[in-house]
$ cat my_file_35.cif   # mmCIF, C-alpha atoms
data_my_file
loop_
_atom_site.label_atom_id
_atom_site.label_comp_id
_atom_site.auth_asym_id
_atom_site.auth_seq_id
_atom_site.Cartn_x
_atom_site.Cartn_y
_atom_site.Cartn_z
CA MET A 1167 78.82 -54.45 23.99
CA THR A 1168 79.92 -52.02 21.31
CA GLY A 1169 82.65 -52.53 18.76
CA ARG A 1170 84.81 -50.11 20.71
CA ASP A 1171 84.79 -52.55 23.61
CA LEU A 1172 86.25 -55.34 21.51
CA ASN A 1173 89.89 -54.60 21.65
CA PRO A 1174 91.68 -57.87 20.95
CA LEU A 1175 95.23 -57.97 22.12
CA PRO A 1176 98.02 -58.41 19.59
CA HIS A 1177 98.61 -62.01 20.61
CA SER A 1178 94.98 -63.04 20.84
CA PRO A 1179 94.15 -66.24 18.98
CA PRO A 1180 91.60 -66.19 16.17
CA ARG A 1181 87.96 -66.96 16.97
CA SER A 1182 87.47 -70.64 17.36
CA SER A 1183 84.52 -73.00 17.46
CA ASP A 1184 85.89 -74.57 20.65
CA PRO A 1185 83.68 -73.19 23.46
CA ASP A 1186 86.58 -73.07 25.92
CA ALA A 1187 88.73 -71.13 23.48
CA GLN A 1188 85.84 -68.77 22.83
CA PHE A 1189 85.31 -68.29 26.53
CA LYS A 1190 88.98 -67.58 27.06
CA GLN A 1191 88.95 -65.07 24.24
CA GLY A 1192 86.01 -63.37 25.95
CA LEU A 1193 87.97 -63.19 29.19
CA LEU A 1194 90.93 -61.72 27.36
CA GLU A 1195 88.85 -58.97 25.80
CA LEU A 1196 87.25 -58.04 29.10
CA ILE A 1197 90.42 -57.83 31.22
CA PRO A 1198 90.67 -54.02 30.84
CA PHE A 1199 87.12 -53.62 32.17
CA LEU A 1200 87.71 -56.00 35.07
CA ARG A 1201 90.77 -53.96 36.01
CA ALA A 1202 88.81 -50.71 35.87
CA PHE A 1203 85.95 -52.02 37.98
CA ALA A 1204 88.34 -53.67 40.45
CA ARG A 1205 90.25 -50.42 40.86
CA SER A 1206 87.07 -48.55 41.63
CA LEU A 1207 86.27 -51.08 44.37
CA CYS A 1208 89.77 -51.47 45.87
CA GLY A 1209 91.37 -48.09 45.30
CA ASN A 1210 94.82 -49.67 45.44
CA PRO A 1211 95.91 -50.67 41.90
CA ASP A 1212 97.93 -53.73 42.98
CA ALA A 1213 95.11 -55.11 45.10
CA ALA A 1214 92.76 -54.40 42.20
CA ASP A 1215 94.88 -56.41 39.76
CA ASP A 1216 95.04 -59.29 42.23
CA LEU A 1217 91.26 -59.17 42.47
CA ALA A 1218 90.87 -59.08 38.69
CA GLN A 1219 93.16 -62.11 38.37
CA GLU A 1220 91.26 -64.02 41.04
CA THR A 1221 88.13 -63.24 39.07
CA LEU A 1222 89.58 -64.70 35.87
CA VAL A 1223 90.50 -67.92 37.66
CA LYS A 1224 87.07 -68.19 39.31
CA ALA A 1225 85.36 -67.48 35.99
CA TRP A 1226 87.41 -70.11 34.21
CA GLN A 1227 86.62 -72.71 36.86
CA SER A 1228 82.92 -71.86 36.62
CA ARG A 1229 82.80 -71.49 32.85
CA ARG A 1230 80.29 -74.33 32.45
CA MET A 1231 77.82 -72.25 34.45
CA PHE A 1232 77.96 -69.31 32.07
CA ALA A 1233 75.02 -69.29 29.67
CA ALA A 1234 76.53 -68.64 26.24
CA GLY A 1235 75.06 -65.63 24.51
CA THR A 1236 74.32 -63.77 27.77
CA ASN A 1237 76.33 -60.83 29.01
CA LEU A 1238 79.79 -62.12 29.91
CA LYS A 1239 80.91 -58.72 31.16
CA ALA A 1240 78.06 -58.52 33.68
CA TRP A 1241 78.69 -62.14 34.71
CA LEU A 1242 82.40 -61.41 35.33
CA PHE A 1243 81.62 -58.19 37.20
CA THR A 1244 79.29 -60.16 39.49
CA ILE A 1245 82.07 -62.65 40.26
CA LEU A 1246 84.55 -59.84 40.85
CA ARG A 1247 82.25 -57.99 43.19
CA ASN A 1248 81.42 -61.12 45.22
CA GLN A 1249 85.11 -61.92 45.46
CA PHE A 1250 85.89 -58.40 46.66
CA TYR A 1251 83.38 -58.55 49.51
CA SER A 1252 84.29 -62.08 50.55
CA ASP A 1253 88.02 -61.23 50.59
CA ARG A 1254 87.27 -58.20 52.69
CA ARG A 1255 85.12 -60.11 55.16
CA ARG A 1256 87.96 -62.57 55.55
CA ALA A 1257 90.47 -59.76 56.10
CA TRP A 1258 88.17 -58.20 58.68
CA ARG A 1259 87.79 -61.44 60.64
CA GLN A 1260 91.50 -61.96 60.57
CA ALA A 1261 92.21 -58.48 61.88
CA ALA A 1262 89.54 -58.89 64.56
CA TRP A 1263 91.36 -61.71 66.31
CA ASP A 1264 94.90 -60.73 65.45
CA GLN A 1265 96.63 -59.10 68.41
CA ASP A 1266 99.23 -57.63 66.10
CA ALA A 1267 96.76 -56.06 63.72
CA ALA A 1268 98.49 -52.70 63.98
CA GLU A 1269 101.72 -54.07 62.59
CA ARG A 1270 99.93 -55.89 59.86
CA ILE A 1271 97.97 -53.07 58.27
CA PRO A 1272 99.86 -52.81 55.01
CA GLY A 1273 101.15 -49.66 53.44
CA THR A 1274 99.30 -47.04 55.45
CA SER A 1275 101.73 -44.27 54.68
CA SER A 1276 102.21 -45.19 51.02
CA GLU A 1277 98.45 -45.32 50.57
CA GLN A 1278 98.18 -41.88 52.11
CA THR A 1279 100.72 -40.56 49.66
CA ALA A 1280 98.82 -42.18 46.82
CA ALA A 1281 95.58 -40.64 48.07
CA ALA A 1282 97.17 -37.21 48.10
CA GLU A 1283 98.19 -37.65 44.46
CA LEU A 1284 94.72 -38.65 43.27
CA SER A 1285 92.55 -36.15 41.47
CA ASP A 1286 89.84 -34.44 43.48
CA THR A 1287 87.20 -36.55 41.76
CA ALA A 1288 89.05 -39.78 42.52
CA ARG A 1289 89.43 -38.71 46.14
CA ALA A 1290 85.80 -37.71 46.40
CA LEU A 1291 84.89 -41.11 44.99
CA ARG A 1292 86.76 -42.80 47.84
CA SER A 1293 84.63 -40.84 50.31
CA LEU A 1294 81.46 -42.58 49.11
CA SER A 1295 80.14 -45.75 50.72
CA ASP A 1296 81.05 -48.94 48.83
CA GLU A 1297 77.43 -49.38 47.79
CA GLN A 1298 77.10 -45.89 46.38
CA ARG A 1299 80.48 -46.02 44.66
CA GLU A 1300 79.91 -49.33 42.93
CA ALA A 1301 76.45 -48.28 41.73
CA LEU A 1302 77.75 -44.98 40.40
CA ILE A 1303 80.72 -46.60 38.64
CA LEU A 1304 78.62 -49.32 37.01
CA VAL A 1305 75.95 -46.94 35.74
CA GLY A 1306 77.84 -43.68 35.39
CA ALA A 1307 81.17 -44.93 34.03
CA GLY A 1308 80.75 -48.57 33.02
CA GLY A 1309 77.68 -47.93 30.90
CA PHE A 1310 75.52 -50.60 32.55
CA SER A 1311 71.75 -50.18 32.66
CA TYR A 1312 70.15 -49.84 36.09
CA GLU A 1313 68.78 -53.35 35.57
CA ALA A 1314 72.20 -54.86 34.79
CA ALA A 1315 73.80 -52.99 37.69
CA ALA A 1316 71.07 -54.30 40.00
CA ALA A 1317 71.80 -57.86 38.88
CA ILE A 1318 75.54 -57.36 39.47
CA CYS A 1319 74.97 -55.86 42.93
CA ASN A 1320 72.27 -58.38 43.79
CA CYS A 1321 69.73 -55.73 44.74
CA ALA A 1322 66.54 -54.15 43.42
CA VAL A 1323 66.59 -51.77 40.45
CA GLY A 1324 65.08 -49.02 42.63
CA THR A 1325 67.88 -49.50 45.15
CA VAL A 1326 70.50 -48.97 42.44
CA LYS A 1327 68.69 -45.85 41.25
CA SER A 1328 68.61 -44.33 44.69
CA ARG A 1329 72.26 -45.27 45.38
CA VAL A 1330 73.35 -43.63 42.13
CA ALA A 1331 71.33 -40.51 42.93
CA ARG A 1332 72.77 -40.27 46.44
CA ALA A 1333 76.28 -40.94 45.13
CA ARG A 1334 75.98 -38.09 42.63
CA LYS A 1335 74.77 -35.76 45.36
CA SER A 1336 77.57 -36.73 47.75
CA LEU A 1337 80.22 -36.37 45.05
CA LEU A 1338 79.00 -32.91 44.20
CA ALA A 1339 78.99 -31.93 47.88
CA ALA A 1340 82.51 -33.31 48.36
CA LEU A 1341 83.88 -31.60 45.27
CA ASP A 1342 82.24 -28.27 45.93
CA GLY A 1343 83.61 -28.07 49.42
CA SER A 1344 80.60 -28.71 51.61
CA ALA A 1345 82.03 -32.06 52.74
CA PRO A 1346 85.66 -32.98 53.51
CA LEU A 1347 87.63 -35.11 51.09
CA PRO A 1348 89.43 -38.11 52.55
CA GLY A 1349 93.18 -37.62 52.48
CA MET A 1350 93.18 -33.85 52.80
CA GLU A 1351 92.75 -33.59 56.55
CA ARG A 1352 95.35 -36.35 56.92
CA SER A 1353 98.02 -34.51 55.03
CA ALA A 1354 97.27 -31.33 56.95
CA GLN A 1355 97.54 -33.21 60.20
CA GLY A 1356 100.55 -35.22 59.04
CA ASP A 1357 100.07 -37.76 61.80
CA ALA A 1358 100.26 -41.36 60.61
CA ALA A 1359 99.67 -42.70 64.12
CA HIS A 1360 96.24 -41.12 64.28
CA GLU A 1361 95.35 -42.66 60.97
CA ILE A 1362 96.52 -46.10 62.08
CA MET A 1363 94.41 -45.85 65.23
CA ALA A 1364 91.44 -44.74 63.15
CA GLN A 1365 91.94 -47.74 60.87
CA LEU A 1366 92.10 -50.03 63.87
CA ASP A 1367 88.89 -48.59 65.22
CA ARG A 1368 87.27 -49.56 61.98
CA LEU A 1369 88.82 -53.05 62.00
CA VAL A 1370 88.37 -54.09 65.62
CA PRO A 1371 84.89 -54.84 66.95
CA PRO A 1372 83.90 -52.18 69.49
CA ASN A 1373 83.50 -54.66 72.37
CA SER A 1374 86.94 -56.26 72.01
CA PRO A 1375 89.59 -55.72 74.70
CA GLN A 1376 91.81 -53.88 72.20
CA ALA A 1377 89.11 -51.38 71.39
CA ALA A 1378 88.36 -50.85 75.08
CA GLY A 1379 92.04 -50.20 75.79
CA ARG A 1380 92.21 -47.56 73.11
CA LYS A 1381 89.08 -45.84 74.29
CA ARG A 1382 90.62 -45.46 77.72
CA SER A 1383 93.84 -44.05 76.32
CA LYS A 1384 91.89 -41.64 74.13
CA ARG A 1385 90.34 -40.02 77.19
CA ASP A 1386 93.78 -39.26 78.58
CA PRO A 1387 94.94 -35.75 77.80
CA ALA A 1388 97.28 -36.00 74.83
CA GLY A 1389 100.43 -34.22 75.97
CA MET B 149 73.36 -23.32 43.50
CA LYS B 150 70.64 -23.06 40.86
CA ASN B 151 69.27 -26.32 39.48
CA ARG B 152 70.73 -25.69 36.07
CA ALA B 153 74.17 -25.06 37.52
CA ILE B 154 73.88 -28.22 39.60
CA ARG B 155 72.98 -30.25 36.53
CA ALA B 156 75.94 -28.79 34.65
CA ARG B 157 78.27 -29.71 37.52
CA GLN B 158 76.78 -33.21 37.66
CA ARG B 159 77.41 -33.67 33.96
CA ALA B 160 81.00 -32.50 34.34
CA ILE B 161 81.54 -34.92 37.22
CA GLY B 162 79.98 -37.70 35.14
CA ARG B 163 82.38 -36.97 32.30
CA GLU B 164 85.31 -37.04 34.72
CA LEU B 165 84.19 -40.42 36.12
CA ARG B 166 83.94 -41.89 32.63
CA ARG B 167 87.31 -40.42 31.74
CA MET B 168 88.95 -42.02 34.79
CA TYR B 169 87.34 -45.38 34.07
CA ASP B 170 88.15 -45.29 30.35
CA GLU B 171 91.72 -44.35 31.13
CA ILE B 172 92.16 -47.58 33.09
CA THR B 173 90.51 -49.65 30.35
CA ARG B 174 93.02 -48.21 27.86
CA GLU B 175 96.06 -49.15 29.94
CA PRO B 176 98.05 -51.99 28.39
CA VAL B 177 97.13 -55.30 30.04
CA PRO B 178 100.00 -56.39 32.31
CA ASP B 179 101.82 -59.55 31.20
CA GLU B 180 100.82 -61.39 34.36
CA PHE B 181 97.21 -61.42 33.12
CA LEU B 182 98.21 -62.89 29.78
CA ASP B 183 100.44 -65.46 31.49
CA LEU B 184 97.57 -66.39 33.76
CA LEU B 185 95.23 -67.00 30.85
CA ARG B 186 97.89 -68.94 29.00
CA LYS B 187 98.49 -71.23 31.99
CA ILE B 188 94.94 -71.48 33.16
CA ASP B 189 93.94 -74.69 31.39
CA ASP B 190 97.19 -76.50 32.14
CA GLU B 191 96.11 -76.65 35.74
CA SER B 192 94.03 -79.62 36.76
CA ASP B 193 90.40 -78.73 36.67
CA PRO B 194 88.40 -81.18 38.74
CA GLY B 195 84.77 -81.51 37.75
CA VAL B 196 85.29 -80.33 34.22
CA GLU B 197 85.66 -83.06 31.66
CA LYS B 198 87.86 -82.19 28.73
#
$ encode --input "my_file_35.cif" --output "structure tokens"
Amino acid sequence: MTGRDLNPLPHSPPRSSDPDAQFKQGLLELIPFLRAFARSLCGNPDAADDLAQETLVKAWQSRRMFAAGTNLKAWLFTILRNQFYSDRRRAWRQAAWDQDAAERIPGTSSEQTAAAELSDTARALRSLSDEQREALILVGAGGFSYEAAAAICNCAVGTVKSRVARARKSLLAALDGSAPLPGMERSAQGDAAHEIMAQLDRLVPPNSPQAAGRKRSKRDPAG
Amino acid sequence: MKNRAIRARQRAIGRELRRMYDEITREPVPDEFLDLLRKIDDESDPGVEK
């Protein structure tokens, strides 16, 4: 961590010899980075802040497991990332059995508007797979070594390297027009219903009755 | 695109990624985070002896 990273907040208490107080001070200093990493995973800023807060609580509860003197930032990023994927698995399971999933997909139209307002780079970033995006953010923006990023993502160093390389290639292709950016075709089409159905297709397992019903209706000529 | 041009584009994209990330890290921390940290050890913490 560089001196630039240490950006104590105005109300932060002075360094203390109490390990809990020290740990809390460490959390405080790293909040901005947790928010940045969370936003790159979630896209939605509110969901990202919820995730960052969940991470702080988890970290505090597990503070006895943190080895003092090791990289707290990497430790917190690991917790945040695990939390993100476990929340999402839970959301997916919920949607899979929920008959009213369509009504419960939050904020589709507002998220579309937000996507349209993002910069091209931010939009291109959303077009990457989660694995490629997280690897690229950790190494390319967060300043982590390939080794540290591999530890955070629980994969081999070579895997991180190839994900970063593929992410860079895909971003370039998306930005230079050889691949579509998410959000653009939506706004051109202007059809929220199509997007909701597309989201459902991603949420509902292909062999469920709901998915089968939609497939039938898709074959019907659309007016 | 020539290799050199590709590398230049990659560098520009890399700078933009860092800029976006740094911009978020420079945002003021919302009060809810500070409240959370302030309250965090008031809550009962089973398994952790004080």
$ residues_near_point --input "my_file_35.cif" --point "(99.2, -50.2, 32.7)" --cutoff "12 Å" --atoms "only C-alpha atoms" --output "list in words"
Ile1197, Pro1198, Arg1201, Ala1202, Pro1211, Asp1212 and Asp1215 of chain A; Glu171, Ile172, Thr173, Arg174, Glu175, Pro176, Val177, Pro178, Asp179, Glu180 and Phe181 of chain B
$ atom_distance --input "my_file_35.cif" --atom1 "atom CA of A:Tyr1312" --atom2 "atom CA of A:Pro1185"
29.8 Å
$ resolve_selection --input "my_file_35.cif" --expression "the PyMOL selection byres ((chain B) within 10 of (chain A))" --output "ChimeraX atom specification"
/B:154,157-159,161-178,180-182,184-186,188-189,193-196,198
$ residues_around --input "my_file_35.cif" --residues "A:Thr1244" --least-positions-apart "6" --cutoff "10 Å" --atoms "only C-alpha atoms" --output "VMD selection string"
chain A and resid 1221 1238 1250 1315 1317 to 1320
$ atom_distance --input "my_file_35.cif" --atom1 "atom CA of A:Ser1293" --atom2 "atom CA of A:Phe1243"
22.0 Å
$ closest_residue --input "my_file_35.cif" --among "A:Ala1339, A:Ala1240, A:Ala1261, A:Val1323" --to "A:Leu1294" --atoms "all atoms listed in the file"
A:Ala1339
$ atom_distance --input "my_file_35.cif" --atom1 "atom CA of A:Thr1325" --atom2 "atom CA of B:Ala156"
24.6 Å
$ closest_residue --input "my_file_35.cif" --among "A:Ala1314, A:Ala1213, A:Leu1242, A:Ala1187" --to "A:Val1326" --atoms "all atoms listed in the file"
A:Ala1314
$ closest_residue --input "my_file_35.cif" --among "A:Leu1284, A:Leu1246, A:Glu1313, A:Arg1329" --to "A:Ala1301" --atoms "only C-alpha atoms"
A:Arg1329
$ build_atoms --input "my_file_35.cif" --residues "stretch 1227-1251 of chain A" --atoms "N, CA and C atoms" --output "tab-separated table (two decimals), keeping the file's coordinate frame"
chain	number	residue	atom	x	y	z
A	1227	GLN	N	87.07	-71.50	36.17
A	1227	GLN	CA	86.62	-72.71	36.86
A	1227	GLN	C	85.11	-72.90	36.75
A	1228	SER	N	84.39	-71.78	36.66
A	1228	SER	CA	82.92	-71.86	36.62
A	1228	SER	C	82.37	-71.71	35.21
A	1229	ARG	N	83.23	-71.85	34.21
A	1229	ARG	CA	82.80	-71.49	32.85
A	1229	ARG	C	81.61	-72.29	32.35
A	1230	ARG	N	81.44	-73.52	32.89
A	1230	ARG	CA	80.29	-74.33	32.45
A	1230	ARG	C	78.97	-73.73	32.93
A	1231	MET	N	79.05	-72.85	33.92
A	1231	MET	CA	77.82	-72.25	34.45
A	1231	MET	C	77.41	-70.99	33.70
A	1232	PHE	N	78.30	-70.51	32.84
A	1232	PHE	CA	77.96	-69.31	32.07
A	1232	PHE	C	77.06	-69.70	30.89
A	1233	ALA	N	75.93	-69.02	30.78
A	1233	ALA	CA	75.02	-69.29	29.67
A	1233	ALA	C	75.51	-68.52	28.45
A	1234	ALA	N	75.99	-69.28	27.44
A	1234	ALA	CA	76.53	-68.64	26.24
A	1234	ALA	C	75.49	-67.71	25.63
A	1235	GLY	N	75.97	-66.58	25.14
A	1235	GLY	CA	75.06	-65.63	24.51
A	1235	GLY	C	74.54	-64.58	25.49
A	1236	THR	N	74.70	-64.82	26.81
A	1236	THR	CA	74.32	-63.77	27.77
A	1236	THR	C	75.52	-62.86	27.99
A	1237	ASN	N	75.33	-61.88	28.85
A	1237	ASN	CA	76.33	-60.83	29.01
A	1237	ASN	C	77.52	-61.30	29.87
A	1238	LEU	N	78.61	-61.61	29.18
A	1238	LEU	CA	79.79	-62.12	29.91
A	1238	LEU	C	80.37	-61.04	30.82
A	1239	LYS	N	80.33	-59.80	30.35
A	1239	LYS	CA	80.91	-58.72	31.16
A	1239	LYS	C	80.17	-58.61	32.49
A	1240	ALA	N	78.84	-58.62	32.44
A	1240	ALA	CA	78.06	-58.52	33.68
A	1240	ALA	C	78.30	-59.74	34.57
A	1241	TRP	N	78.44	-60.91	33.94
A	1241	TRP	CA	78.69	-62.14	34.71
A	1241	TRP	C	80.03	-62.03	35.44
A	1242	LEU	N	81.07	-61.55	34.72
A	1242	LEU	CA	82.40	-61.41	35.33
A	1242	LEU	C	82.39	-60.34	36.43
A	1243	PHE	N	81.68	-59.25	36.19
A	1243	PHE	CA	81.62	-58.19	37.20
A	1243	PHE	C	80.96	-58.71	38.48
A	1244	THR	N	79.96	-59.59	38.31
A	1244	THR	CA	79.29	-60.16	39.49
A	1244	THR	C	80.28	-61.01	40.29
A	1245	ILE	N	81.07	-61.82	39.58
A	1245	ILE	CA	82.07	-62.65	40.26
A	1245	ILE	C	83.08	-61.77	40.97
A	1246	LEU	N	83.54	-60.73	40.28
A	1246	LEU	CA	84.55	-59.84	40.85
A	1246	LEU	C	84.04	-59.17	42.11
A	1247	ARG	N	82.82	-58.69	42.04
A	1247	ARG	CA	82.25	-57.99	43.19
A	1247	ARG	C	82.08	-58.95	44.38
A	1248	ASN	N	81.57	-60.16	44.13
A	1248	ASN	CA	81.42	-61.12	45.22
A	1248	ASN	C	82.76	-61.46	45.85
A	1249	GLN	N	83.77	-61.61	44.99
A	1249	GLN	CA	85.11	-61.92	45.46
A	1249	GLN	C	85.64	-60.79	46.34
A	1250	PHE	N	85.42	-59.56	45.90
A	1250	PHE	CA	85.89	-58.40	46.66
A	1250	PHE	C	85.30	-58.40	48.07
A	1251	TYR	N	84.00	-58.60	48.18
A	1251	TYR	CA	83.38	-58.55	49.51
A	1251	TYR	C	83.75	-59.76	50.35
